[in-house]
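Enquirer: Sharing a structure with you now.
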Amino acid sequence: MIRTRFAPSPTGYLHIGGARTALFAWAYARRHQGTFILRIEDTDVARSTPEAVQAILDGMQWLGLHPDEGPFYQMQRMDRYKEVIAQMLSAGTAYHCYTSREALDAMRAEQEAKKQKPRYDGLWRPEPGKNLPAPPTDVQPVVRFRNPVDGVVAWDDMVKGRITIANAELDDFIIARADGTPTYNFCVVVDDWDMRISHVIRGDDHVNNTPRQINVLRALGATVPEYGHLPMILGDDGQKLSKRHGAVSVMQYDDEGYLPEAVLNYLARLGWSHGDEEVFAMEQFCAWFEFDHISSSAAQFNTEKLNWLNAHYLKVADNARLAAEVKRRLMLQQVAGADWSVLERVIPLYKERVGNLNELADALHPFCVTVHPPADLLTQHVTAAARAALATLFDKLTGVADWQAAALSLAVKETLASHGLKMPQVATPLRVVLLGQAQSPSIDAVLEALGRERVLERLQRVLRPT
RNA sequence: GACCCUAUCGUCUAGAGGCCUAGGACAAUACCCUUUCACGGUAUGAACCCGGGUUCGAAUCCCGGUGGGGUCGCCA
């Protein structure tokens, strides 16, 4: 039974790197009819916030990455961690260390000055035949894991292959603070064990934690899961993503008019491939997804390719859904007095032309509200000649019985003929009058979509200003 | 500094020793389509980090360099 998990710490929003980690863990579970678990690692009380928890939940909801189990919260599992720590203390796989924080800091500074790898000196580590100092009364001890000193820890990483690290490189790391609260590397181990996680899928910034966690797992007599460390995602400029630099919330992609399926498709293809396949739905992705085609080096985020995918998914999206999105966005802009009824009819004209939902909303805006063409456009395009032609067109349109593109096109062409004009000489001023802008889809389609009433009303307002 | 990971067009990648004159996609450029702006179509340019090996043969395997990244907290 495959059981994967996504385990973010709620110290900020869900960003693109976390989203991809979640996506791959989710897809792997889906692929093998397994279970995808969400676990919130909130043991850093000072930095964790309920808002961040909600932001992560919102982000996953938006992407459609629904957990099969959870969310579980580490803060609610404190008793369990303390229980395991007590067991390890009595089993001798962990011990109390009375070296103070200050002494540790001093030791580290000294080692760094000598260009050595900073590490704990093992003063309080029990050894056969070793006499430990008498515990000071003024220091609350921390609990350290008694890491093996010899040999190596090795595992076959699902993405990077075999990784070997010498135990000599590993410290006796702290598993419980002086106040008794457990630390990250320890909670993860207990959780992965208790939750029977079969495949730990996470960012490769965790590679160095893995040997420690494996050692604890072994000390506990637990089964060691499979590990897969995903390479990180770099910003558009090749720099590391950080809160300060380019790491934006996945919800910001919603704000910027991206469709979740476009973001998902893009993320799936970033660092993973299936031959030449570029455009695919999540169902297809889950059917294909395996670890043997994940690249092992970092990938640079490319907004332009995301834009291309977004434009593609916009083209194939359902009109009613797009209409709802456009309405939501225009209402957010406090657009007043709008008539939303035209939306669904106009969307087919525009969804193939725009790159995102905000552009779509901007394009559809003039269809829903009374337009006031900018003076400079009127001056430039609605010349005396154009005005005369528009007047003729107005009369012809009044007589159009069947308000369809074919009949409307005919009316426009007859107008051209009677005035000796070319299409752009009438179409452009007409666009300015109807929509307040010089560009639009084919003019007959615009006339049809806008509807007789609006067309005549807008023309009349310019031709016979009151 | 130590340890770990990593290296194919600008970017994401295909590539499992001969199918490679290195393929696809985004982006770029040109042309076509056109009722404006887009969409779309066609075409073009663009890469195996360097040096040694192994082999009849290396983008692919090995070693070394260099570049990039990560980690070395009573953070996660």
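Chains: A, B, ... in order of the structure tokens. Residues: from 1 per chain. Ligands: from 1, in order shown.
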For Gly436 (chain A), work out the shell of residues within 8 Å, counting only C-alpha atoms (C1' of nucleotides) and skipping chain neighbours fewer than 3 positions away, then give it as a PDB file with all heavy atoms, in the first residue's frame.
Expert:
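Written file, selection_18.pdb:
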```pdb
ATOM      1  N   PRO A 366     -16.228  46.169 -21.751  1.00  0.00           N
ATOM      2  CA  PRO A 366     -17.046  47.104 -22.526  1.00  0.00           C
ATOM      3  C   PRO A 366     -18.359  46.506 -23.051  1.00  0.00           C
ATOM      4  O   PRO A 366     -19.264  47.259 -23.419  1.00  0.00           O
ATOM      5  CB  PRO A 366     -16.148  47.512 -23.693  1.00  0.00           C
ATOM      6  CG  PRO A 366     -14.892  46.773 -23.563  1.00  0.00           C
ATOM      7  CD  PRO A 366     -14.911  45.950 -22.342  1.00  0.00           C
ATOM      8  N   VAL A 371     -20.278  52.279 -22.614  1.00  0.00           N
ATOM      9  CA  VAL A 371     -18.905  52.710 -22.908  1.00  0.00           C
ATOM     10  C   VAL A 371     -18.858  54.193 -23.239  1.00  0.00           C
ATOM     11  O   VAL A 371     -19.797  54.748 -23.806  1.00  0.00           O
ATOM     12  CB  VAL A 371     -18.273  51.905 -24.057  1.00  0.00           C
ATOM     13  CG1 VAL A 371     -18.113  50.455 -23.683  1.00  0.00           C
ATOM     14  CG2 VAL A 371     -19.068  52.056 -25.333  1.00  0.00           C
ATOM     15  N   HIS A 372     -17.740  54.791 -22.892  1.00  0.00           N
ATOM     16  CA  HIS A 372     -17.489  56.187 -23.233  1.00  0.00           C
ATOM     17  C   HIS A 372     -16.194  56.208 -24.014  1.00  0.00           C
ATOM     18  O   HIS A 372     -15.120  56.259 -23.413  1.00  0.00           O
ATOM     19  CB  HIS A 372     -17.380  57.042 -21.968  1.00  0.00           C
ATOM     20  CG  HIS A 372     -18.617  56.964 -21.115  1.00  0.00           C
ATOM     21  ND1 HIS A 372     -19.781  57.637 -21.428  1.00  0.00           N
ATOM     22  CD2 HIS A 372     -18.878  56.254 -19.989  1.00  0.00           C
ATOM     23  CE1 HIS A 372     -20.701  57.358 -20.519  1.00  0.00           C
ATOM     24  NE2 HIS A 372     -20.182  56.517 -19.639  1.00  0.00           N
ATOM     25  N   PRO A 373     -16.290  56.148 -25.347  1.00  0.00           N
ATOM     26  CA  PRO A 373     -15.059  56.078 -26.149  1.00  0.00           C
ATOM     27  C   PRO A 373     -14.149  57.252 -25.843  1.00  0.00           C
ATOM     28  O   PRO A 373     -14.632  58.389 -25.750  1.00  0.00           O
ATOM     29  CB  PRO A 373     -15.584  56.153 -27.590  1.00  0.00           C
ATOM     30  CG  PRO A 373     -16.994  55.686 -27.513  1.00  0.00           C
ATOM     31  CD  PRO A 373     -17.500  56.137 -26.178  1.00  0.00           C
ATOM     32  N   PRO A 374     -12.862  56.999 -25.674  1.00  0.00           N
ATOM     33  CA  PRO A 374     -11.907  58.071 -25.382  1.00  0.00           C
ATOM     34  C   PRO A 374     -11.907  59.113 -26.509  1.00  0.00           C
ATOM     35  O   PRO A 374     -12.019  58.761 -27.685  1.00  0.00           O
ATOM     36  CB  PRO A 374     -10.557  57.354 -25.318  1.00  0.00           C
ATOM     37  CG  PRO A 374     -10.886  55.920 -25.114  1.00  0.00           C
ATOM     38  CD  PRO A 374     -12.219  55.692 -25.728  1.00  0.00           C
ATOM     39  N   LEU A 377      -9.459  58.682 -29.475  1.00  0.00           N
ATOM     40  CA  LEU A 377      -9.819  57.641 -30.442  1.00  0.00           C
ATOM     41  C   LEU A 377     -10.937  58.126 -31.353  1.00  0.00           C
ATOM     42  O   LEU A 377     -10.941  57.871 -32.555  1.00  0.00           O
ATOM     43  CB  LEU A 377     -10.252  56.360 -29.722  1.00  0.00           C
ATOM     44  CG  LEU A 377      -9.137  55.456 -29.171  1.00  0.00           C
ATOM     45  CD1 LEU A 377      -9.733  54.199 -28.567  1.00  0.00           C
ATOM     46  CD2 LEU A 377      -8.125  55.103 -30.246  1.00  0.00           C
ATOM     47  N   ARG A 431     -15.735  49.995 -34.212  1.00  0.00           N
ATOM     48  CA  ARG A 431     -15.185  49.400 -32.984  1.00  0.00           C
ATOM     49  C   ARG A 431     -15.041  50.454 -31.897  1.00  0.00           C
ATOM     50  O   ARG A 431     -15.345  50.214 -30.727  1.00  0.00           O
ATOM     51  CB  ARG A 431     -13.804  48.780 -33.267  1.00  0.00           C
ATOM     52  CG  ARG A 431     -13.877  47.528 -34.108  1.00  0.00           C
ATOM     53  CD  ARG A 431     -12.504  46.882 -34.287  1.00  0.00           C
ATOM     54  NE  ARG A 431     -12.656  45.564 -34.864  1.00  0.00           N
ATOM     55  CZ  ARG A 431     -12.461  45.272 -36.160  1.00  0.00           C
ATOM     56  NH1 ARG A 431     -12.041  46.203 -37.007  1.00  0.00           N
ATOM     57  NH2 ARG A 431     -12.663  44.060 -36.606  1.00  0.00           N
ATOM     58  N   VAL A 432     -14.542  51.610 -32.298  1.00  0.00           N
ATOM     59  CA  VAL A 432     -14.338  52.679 -31.320  1.00  0.00           C
ATOM     60  C   VAL A 432     -15.686  53.087 -30.712  1.00  0.00           C
ATOM     61  O   VAL A 432     -15.817  53.236 -29.504  1.00  0.00           O
ATOM     62  CB  VAL A 432     -13.646  53.893 -31.974  1.00  0.00           C
ATOM     63  CG1 VAL A 432     -13.668  55.098 -31.041  1.00  0.00           C
ATOM     64  CG2 VAL A 432     -12.212  53.534 -32.352  1.00  0.00           C
ATOM     65  N   VAL A 433     -16.678  53.215 -31.554  1.00  0.00           N
ATOM     66  CA  VAL A 433     -17.996  53.646 -31.078  1.00  0.00           C
ATOM     67  C   VAL A 433     -18.633  52.575 -30.186  1.00  0.00           C
ATOM     68  O   VAL A 433     -19.186  52.879 -29.132  1.00  0.00           O
ATOM     69  CB  VAL A 433     -18.920  53.961 -32.275  1.00  0.00           C
ATOM     70  CG1 VAL A 433     -20.367  54.131 -31.802  1.00  0.00           C
ATOM     71  CG2 VAL A 433     -18.440  55.216 -32.988  1.00  0.00           C
TER      72      VAL A 433
END
```
Enquirer: Please determine the contact residues of chain B with respect to chain A at a cut-off of 12 Å, counting only C-alpha atoms (C1' of nucleotides), and supply them as a JSON list (two decimals) with N, CA, C and O atoms (P, O5', C5', C4', C3', O3' and C1' of nucleotides), in the first residue's frame.
Expert:
```json
[["chain", "number", "residue", "atom", "x", "y", "z"],
["B", 1, "G", "P", 36.41, 27.32, 0.51],
["B", 1, "G", "O5'", 36.54, 26.46, 1.86],
["B", 1, "G", "C5'", 37.78, 26.25, 2.51],
["B", 1, "G", "C4'", 37.48, 25.51, 3.78],
["B", 1, "G", "C3'", 36.73, 24.20, 3.58],
["B", 1, "G", "O3'", 37.63, 23.14, 3.33],
["B", 1, "G", "C1'", 35.63, 25.46, 5.23],
["B", 2, "A", "P", 37.25, 21.93, 2.34],
["B", 2, "A", "O5'", 36.25, 21.07, 3.24],
["B", 2, "A", "C5'", 36.74, 20.30, 4.33],
["B", 2, "A", "C4'", 35.59, 19.65, 5.04],
["B", 2, "A", "C3'", 34.67, 18.84, 4.13],
["B", 2, "A", "O3'", 35.16, 17.53, 3.95],
["B", 2, "A", "C1'", 33.36, 20.27, 5.46],
["B", 3, "C", "P", 34.90, 16.76, 2.57],
["B", 3, "C", "O5'", 33.36, 16.37, 2.70],
["B", 3, "C", "C5'", 32.94, 15.40, 3.65],
["B", 3, "C", "C4'", 31.44, 15.44, 3.76],
["B", 3, "C", "C3'", 30.68, 15.20, 2.46],
["B", 3, "C", "O3'", 30.57, 13.82, 2.17],
["B", 3, "C", "C1'", 29.76, 17.07, 3.56],
["B", 4, "C", "P", 30.49, 13.34, 0.64],
["B", 4, "C", "O5'", 29.00, 13.74, 0.24],
["B", 4, "C", "C5'", 27.90, 13.06, 0.83],
["B", 4, "C", "C4'", 26.62, 13.73, 0.41],
["B", 4, "C", "C3'", 26.41, 13.88, -1.08],
["B", 4, "C", "O3'", 25.93, 12.69, -1.68],
["B", 4, "C", "C1'", 25.91, 15.92, -0.05],
["B", 5, "C", "P", 26.29, 12.39, -3.23],
["B", 5, "C", "O5'", 25.30, 13.40, -4.00],
["B", 5, "C", "C5'", 23.89, 13.28, -3.87],
["B", 5, "C", "C4'", 23.22, 14.46, -4.50],
["B", 5, "C", "C3'", 23.54, 14.68, -5.98],
["B", 5, "C", "O3'", 22.79, 13.83, -6.82],
["B", 5, "C", "C1'", 23.64, 16.73, -4.84],
["B", 6, "U", "P", 23.39, 13.41, -8.25],
["B", 6, "U", "O5'", 23.40, 14.81, -9.02],
["B", 6, "U", "C5'", 22.19, 15.37, -9.52],
["B", 6, "U", "C4'", 22.47, 16.73, -10.08],
["B", 6, "U", "C3'", 23.31, 16.76, -11.35],
["B", 6, "U", "O3'", 22.47, 16.54, -12.47],
["B", 6, "U", "C1'", 24.11, 18.38, -9.83],
["B", 7, "A", "P", 23.12, 16.00, -13.85],
["B", 7, "A", "O5'", 23.58, 17.34, -14.58],
["B", 7, "A", "C5'", 22.60, 18.37, -14.81],
["B", 7, "A", "C4'", 23.31, 19.53, -15.50],
["B", 7, "A", "C3'", 23.88, 19.12, -16.86],
["B", 7, "A", "O3'", 23.62, 20.11, -17.84],
["B", 7, "A", "C1'", 25.63, 19.81, -15.37],
["B", 10, "G", "P", 21.84, 28.51, -25.49],
["B", 10, "G", "O5'", 20.83, 29.42, -24.66],
["B", 10, "G", "C5'", 21.35, 30.36, -23.71],
["B", 10, "G", "C4'", 20.21, 31.02, -23.01],
["B", 10, "G", "C3'", 19.25, 30.05, -22.31],
["B", 10, "G", "O3'", 19.69, 29.80, -20.99],
["B", 10, "G", "C1'", 18.02, 31.51, -23.71],
["B", 11, "U", "P", 19.49, 28.37, -20.34],
["B", 11, "U", "O5'", 17.91, 28.31, -20.17],
["B", 11, "U", "C5'", 17.25, 29.08, -19.16],
["B", 11, "U", "C4'", 15.78, 28.71, -19.14],
["B", 11, "U", "C3'", 15.51, 27.22, -19.04],
["B", 11, "U", "O3'", 15.59, 26.75, -17.71],
["B", 11, "U", "C1'", 14.21, 28.12, -20.78],
["B", 12, "C", "P", 16.00, 25.23, -17.44],
["B", 12, "C", "O5'", 14.65, 24.46, -17.82],
["B", 12, "C", "C5'", 13.46, 24.68, -17.06],
["B", 12, "C", "C4'", 12.36, 23.82, -17.62],
["B", 12, "C", "C3'", 12.74, 22.35, -17.78],
["B", 12, "C", "O3'", 12.64, 21.66, -16.55],
["B", 12, "C", "C1'", 11.69, 23.10, -19.75],
["B", 13, "U", "P", 13.56, 20.40, -16.31],
["B", 13, "U", "O5'", 13.02, 19.42, -17.42],
["B", 13, "U", "C5'", 13.86, 18.48, -18.07],
["B", 13, "U", "C4'", 13.17, 18.07, -19.34],
["B", 13, "U", "C3'", 13.84, 16.94, -20.09],
["B", 13, "U", "O3'", 13.43, 15.69, -19.54],
["B", 13, "U", "C1'", 13.33, 18.67, -21.60],
["B", 14, "A", "P", 14.38, 14.43, -19.74],
["B", 14, "A", "O5'", 14.17, 14.07, -21.28],
["B", 14, "A", "C5'", 12.87, 13.69, -21.74],
["B", 14, "A", "C4'", 12.95, 13.21, -23.16],
["B", 14, "A", "C3'", 13.97, 12.12, -23.41],
["B", 14, "A", "O3'", 13.44, 10.86, -23.06],
["B", 14, "A", "C1'", 14.03, 13.75, -25.14],
["B", 15, "G", "P", 14.28, 9.83, -22.22],
["B", 15, "G", "O5'", 15.50, 9.52, -23.17],
["B", 15, "G", "C5'", 15.25, 9.04, -24.50],
["B", 15, "G", "C4'", 16.51, 9.24, -25.31],
["B", 15, "G", "C3'", 17.65, 8.41, -24.71],
["B", 15, "G", "O3'", 18.33, 7.64, -25.69],
["B", 15, "G", "C1'", 18.28, 10.70, -25.01],
["B", 16, "A", "P", 18.59, 6.14, -25.60],
["B", 16, "A", "O5'", 19.78, 6.03, -24.58],
["B", 16, "A", "C5'", 19.57, 5.98, -23.22],
["B", 16, "A", "C4'", 20.61, 5.14, -22.57],
["B", 16, "A", "C3'", 20.72, 3.69, -23.06],
["B", 16, "A", "O3'", 21.97, 3.14, -22.67],
["B", 16, "A", "C1'", 19.54, 3.77, -21.02],
["B", 23, "G", "P", 17.90, 17.39, -34.07],
["B", 23, "G", "O5'", 16.35, 17.19, -33.86],
["B", 23, "G", "C5'", 15.71, 16.06, -34.44],
["B", 23, "G", "C4'", 14.61, 15.58, -33.53],
["B", 23, "G", "C3'", 13.73, 16.68, -32.94],
["B", 23, "G", "O3'", 12.72, 17.10, -33.85],
["B", 23, "G", "C1'", 14.41, 15.24, -31.21],
["B", 24, "G", "P", 12.22, 18.61, -33.82],
["B", 24, "G", "O5'", 11.23, 18.59, -32.57],
["B", 24, "G", "C5'", 10.09, 17.72, -32.58],
["B", 24, "G", "C4'", 9.40, 17.78, -31.25],
["B", 24, "G", "C3'", 8.99, 19.18, -30.78],
["B", 24, "G", "O3'", 7.77, 19.58, -31.37],
["B", 24, "G", "C1'", 10.04, 18.03, -29.00],
["B", 25, "A", "P", 7.51, 21.14, -31.62],
["B", 25, "A", "O5'", 7.31, 21.69, -30.13],
["B", 25, "A", "C5'", 6.16, 21.29, -29.38],
["B", 25, "A", "C4'", 6.24, 21.90, -28.01],
["B", 25, "A", "C3'", 6.49, 23.42, -27.99],
["B", 25, "A", "O3'", 5.31, 24.15, -28.20],
["B", 25, "A", "C1'", 7.94, 22.36, -26.45],
["B", 26, "C", "P", 5.39, 25.61, -28.81],
["B", 26, "C", "O5'", 5.94, 26.48, -27.59],
["B", 26, "C", "C5'", 5.13, 26.65, -26.42],
["B", 26, "C", "C4'", 5.90, 27.46, -25.40],
["B", 26, "C", "C3'", 6.43, 28.80, -25.90],
["B", 26, "C", "O3'", 5.42, 29.80, -25.84],
["B", 26, "C", "C1'", 8.14, 27.67, -24.76],
["B", 27, "A", "P", 5.39, 30.95, -26.97],
["B", 27, "A", "O5'", 6.82, 31.65, -26.79],
["B", 27, "A", "C5'", 7.05, 32.53, -25.70],
["B", 27, "A", "C4'", 8.50, 32.95, -25.68],
["B", 27, "A", "C3'", 8.99, 33.64, -26.95],
["B", 27, "A", "O3'", 8.63, 35.00, -27.00],
["B", 27, "A", "C1'", 10.55, 32.01, -26.28],
["B", 34, "U", "P", -6.62, 35.62, -46.61],
["B", 34, "U", "O5'", -7.08, 36.60, -45.44],
["B", 34, "U", "C5'", -8.09, 36.18, -44.53],
["B", 34, "U", "C4'", -8.11, 37.14, -43.37],
["B", 34, "U", "C3'", -8.21, 38.61, -43.78],
["B", 34, "U", "O3'", -9.56, 38.96, -43.99],
["B", 34, "U", "C1'", -6.51, 38.30, -42.13],
["B", 35, "U", "P", -9.92, 40.10, -45.03],
["B", 35, "U", "O5'", -10.02, 41.34, -44.03],
["B", 35, "U", "C5'", -9.75, 42.67, -44.42],
["B", 35, "U", "C4'", -9.77, 43.46, -43.14],
["B", 35, "U", "C3'", -9.18, 42.67, -41.99],
["B", 35, "U", "O3'", -8.45, 43.52, -41.15],
["B", 35, "U", "C1'", -11.44, 43.24, -41.52],
["B", 36, "U", "P", -6.84, 43.39, -41.31],
["B", 36, "U", "O5'", -6.35, 44.23, -40.07],
["B", 36, "U", "C5'", -6.25, 45.66, -40.16],
["B", 36, "U", "C4'", -6.44, 46.24, -38.77],
["B", 36, "U", "C3'", -5.73, 45.48, -37.68],
["B", 36, "U", "O3'", -4.37, 45.91, -37.58],
["B", 36, "U", "C1'", -7.96, 45.91, -37.02],
["B", 37, "C", "P", -3.23, 44.82, -37.33],
["B", 37, "C", "O5'", -3.43, 44.43, -35.81],
["B", 37, "C", "C5'", -3.40, 45.42, -34.79],
["B", 37, "C", "C4'", -3.88, 44.81, -33.50],
["B", 37, "C", "C3'", -3.31, 43.43, -33.19],
["B", 37, "C", "O3'", -2.02, 43.53, -32.62],
["B", 37, "C", "C1'", -5.65, 43.41, -32.83],
["B", 38, "A", "P", -1.05, 42.25, -32.68],
["B", 38, "A", "O5'", -1.79, 41.27, -31.68],
["B", 38, "A", "C5'", -1.71, 39.87, -31.87],
["B", 38, "A", "C4'", -2.82, 39.24, -31.07],
["B", 38, "A", "C3'", -2.89, 37.73, -31.19],
["B", 38, "A", "O3'", -2.02, 37.11, -30.26],
["B", 38, "A", "C1'", -5.01, 38.64, -31.65],
["B", 39, "C", "P", -1.09, 35.91, -30.78],
["B", 39, "C", "O5'", -2.13, 34.72, -31.03],
["B", 39, "C", "C5'", -3.12, 34.42, -30.07],
["B", 39, "C", "C4'", -4.16, 33.48, -30.63],
["B", 39, "C", "C3'", -3.62, 32.30, -31.42],
["B", 39, "C", "O3'", -3.15, 31.27, -30.58],
["B", 39, "C", "C1'", -5.46, 33.23, -32.56],
["B", 40, "G", "P", -1.91, 30.38, -31.06],
["B", 40, "G", "O5'", -2.37, 29.83, -32.47],
["B", 40, "G", "C5'", -3.44, 28.90, -32.58],
["B", 40, "G", "C4'", -3.74, 28.66, -34.03],
["B", 40, "G", "C3'", -2.57, 28.15, -34.87],
["B", 40, "G", "O3'", -2.42, 26.75, -34.73],
["B", 40, "G", "C1'", -3.62, 29.92, -36.00],
["B", 68, "G", "P", 29.54, 29.36, -9.53],
["B", 68, "G", "O5'", 28.16, 28.56, -9.61],
["B", 68, "G", "C5'", 27.12, 28.99, -10.47],
["B", 68, "G", "C4'", 25.97, 28.03, -10.40],
["B", 68, "G", "C3'", 25.42, 27.78, -9.00],
["B", 68, "G", "O3'", 24.54, 28.80, -8.58],
["B", 68, "G", "C1'", 25.71, 25.72, -10.10],
["B", 69, "G", "P", 24.48, 29.16, -7.01],
["B", 69, "G", "O5'", 23.68, 27.92, -6.43],
["B", 69, "G", "C5'", 22.33, 27.69, -6.81],
["B", 69, "G", "C4'", 21.88, 26.36, -6.30],
["B", 69, "G", "C3'", 21.94, 26.17, -4.80],
["B", 69, "G", "O3'", 20.86, 26.82, -4.14],
["B", 69, "G", "C1'", 22.75, 24.23, -5.84],
["B", 70, "G", "P", 21.06, 27.28, -2.62],
["B", 70, "G", "O5'", 20.96, 25.91, -1.83],
["B", 70, "G", "C5'", 19.78, 25.12, -1.91],
["B", 70, "G", "C4'", 20.02, 23.81, -1.24],
["B", 70, "G", "C3'", 20.45, 23.90, 0.21],
["B", 70, "G", "O3'", 19.34, 24.08, 1.06],
["B", 70, "G", "C1'", 21.83, 22.35, -0.91],
["B", 71, "U", "P", 19.52, 24.90, 2.40],
["B", 71, "U", "O5'", 20.33, 23.88, 3.31],
["B", 71, "U", "C5'", 19.77, 22.62, 3.64],
["B", 71, "U", "C4'", 20.79, 21.82, 4.38],
["B", 71, "U", "C3'", 21.47, 22.54, 5.53],
["B", 71, "U", "O3'", 20.63, 22.55, 6.67],
["B", 71, "U", "C1'", 23.10, 21.42, 4.27],
["B", 72, "C", "P", 21.05, 23.38, 7.95],
["B", 72, "C", "O5'", 22.28, 22.48, 8.41],
["B", 72, "C", "C5'", 22.69, 22.45, 9.74],
["B", 72, "C", "C4'", 24.09, 21.93, 9.81],
["B", 72, "C", "C3'", 25.05, 22.86, 10.52],
["B", 72, "C", "O3'", 24.96, 22.65, 11.93],
["B", 72, "C", "C1'", 26.04, 22.14, 8.51],
["B", 73, "G", "P", 24.60, 23.74, 12.90],
["B", 73, "G", "O5'", 23.48, 22.97, 13.74],
["B", 73, "G", "C5'", 22.17, 23.20, 13.77],
["B", 73, "G", "C4'", 21.73, 23.96, 15.03],
["B", 73, "G", "C3'", 20.38, 23.44, 15.46],
["B", 73, "G", "O3'", 20.25, 23.07, 16.82],
["B", 73, "G", "C1'", 20.27, 25.74, 14.64],
["B", 74, "C", "P", 20.90, 23.75, 17.97],
["B", 74, "C", "O5'", 19.51, 23.77, 18.73],
["B", 74, "C", "C5'", 18.69, 22.67, 18.61],
["B", 74, "C", "C4'", 17.38, 23.06, 19.25],
["B", 74, "C", "C3'", 17.02, 24.53, 18.99],
["B", 74, "C", "O3'", 15.64, 24.56, 18.66],
["B", 74, "C", "C1'", 17.25, 24.09, 21.34],
["B", 75, "C", "P", 14.73, 25.72, 18.29],
["B", 75, "C", "O5'", 14.28, 25.42, 16.80],
["B", 75, "C", "C5'", 15.03, 25.75, 15.69],
["B", 75, "C", "C4'", 14.04, 26.23, 14.66],
["B", 75, "C", "C3'", 13.23, 25.12, 14.01],
["B", 75, "C", "O3'", 12.11, 24.75, 14.78],
["B", 75, "C", "C1'", 14.08, 26.61, 12.37],
["B", 76, "A", "P", 11.45, 23.30, 14.68],
["B", 76, "A", "O5'", 10.92, 23.25, 13.17],
["B", 76, "A", "C5'", 9.79, 24.03, 12.76],
["B", 76, "A", "C4'", 9.69, 23.92, 11.26],
["B", 76, "A", "C3'", 9.55, 22.51, 10.73],
["B", 76, "A", "O3'", 8.21, 22.07, 10.74],
["B", 76, "A", "C1'", 11.28, 23.59, 9.55]]
```
Enquirer: Have a look at CA of Ala445 (chain A) and CA of Ala385 (chain A) and let me know their distance in Å, one decimal.
Expert: 23.6 Å
Enquirer: Which residues, written as a list of chain:residue names, have at least one atom at most 6 Å from Thr415 (chain A), with only C-alpha atoms (C1' of nucleotides) counted and residues fewer than 3 positions away on the same chain left out?
Expert: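 Non-adjacent residues within range: A:Leu393, A:Val412, A:Ser418.
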Enquirer: Mind pulling up the distance from CA of Arg144 (chain A) to CA of His96 (chain A)?
Expert: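 A separation of 6.3 Å between them.
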Enquirer: Using only C-alpha atoms, which of the listed residues (A:Ala27, A:Val346, A:Tyr120, A:Ala7) sits closest to Gln284 (chain A)?
Expert: A:Ala27
Enquirer: How far is it from CA of Leu364 (chain A) to CA of Gly451 (chain A), in Å with one decimal?
Expert: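 About the pair CA of Leu364 (chain A) and CA of Gly451 (chain A): they are 14.0 Å apart.
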Enquirer: Contacts of Glu69 (chain A) at 12 Å or less, counting only C-alpha atoms (C1' of nucleotides), minus same-chain residues fewer than 6 places along, as number ranges by chain?
Expert: A: 3-6, 26, 29, 34-40, 195, 197
Enquirer: Got time to write the residues from that selection, C-alpha atoms, as a PDB file, in the first residue's frame?
Expert:
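Saved the output as part_7.pdb:
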```
ATOM      1  CA  ARG A   3       1.123   6.102   1.416  1.00  0.00           C
ATOM      2  CA  THR A   4       2.598   9.513   0.631  1.00  0.00           C
ATOM      3  CA  ARG A   5       2.399  12.769   2.494  1.00  0.00           C
ATOM      4  CA  PHE A   6       2.815  16.484   2.042  1.00  0.00           C
ATOM      5  CA  TRP A  26      -0.412  13.323  -4.649  1.00  0.00           C
ATOM      6  CA  ALA A  29      -0.473   8.049  -4.506  1.00  0.00           C
ATOM      7  CA  GLY A  34      -2.552   4.771  -2.577  1.00  0.00           C
ATOM      8  CA  THR A  35      -3.256   7.326   0.113  1.00  0.00           C
ATOM      9  CA  PHE A  36      -2.169  10.951   0.132  1.00  0.00           C
ATOM     10  CA  ILE A  37      -1.835  12.496   3.576  1.00  0.00           C
ATOM     11  CA  LEU A  38      -1.622  16.151   4.569  1.00  0.00           C
ATOM     12  CA  ARG A  39       0.309  16.923   7.712  1.00  0.00           C
ATOM     13  CA  ILE A  40       0.858  20.403   9.089  1.00  0.00           C
ATOM     14  CA  MET A 195       1.266   7.245   9.710  1.00  0.00           C
ATOM     15  CA  ILE A 197       4.301   6.519   5.183  1.00  0.00           C
TER      16      ILE A 197
END
```
Enquirer: So that I can see what lies close to G17 (chain B), please list as a compact mmCIF listing (two decimals) with C-alpha atoms (C1' of nucleotides), in the first residue's frame the residues with an atom at most 10 Å from it, counting only C-alpha atoms (C1' of nucleotides) and leaving out residues fewer than 4 positions away in the same chain.
Expert:
```
# COMPACT_ATOMS: atom_id res chain seq x y z
C1' U B 55 35.53 1.10 -26.12
C1' G B 57 32.37 3.41 -31.39
C1' A B 58 30.67 8.07 -25.82
C1' U B 60 25.31 8.38 -22.75
C1' C B 61 30.21 4.52 -18.70
```
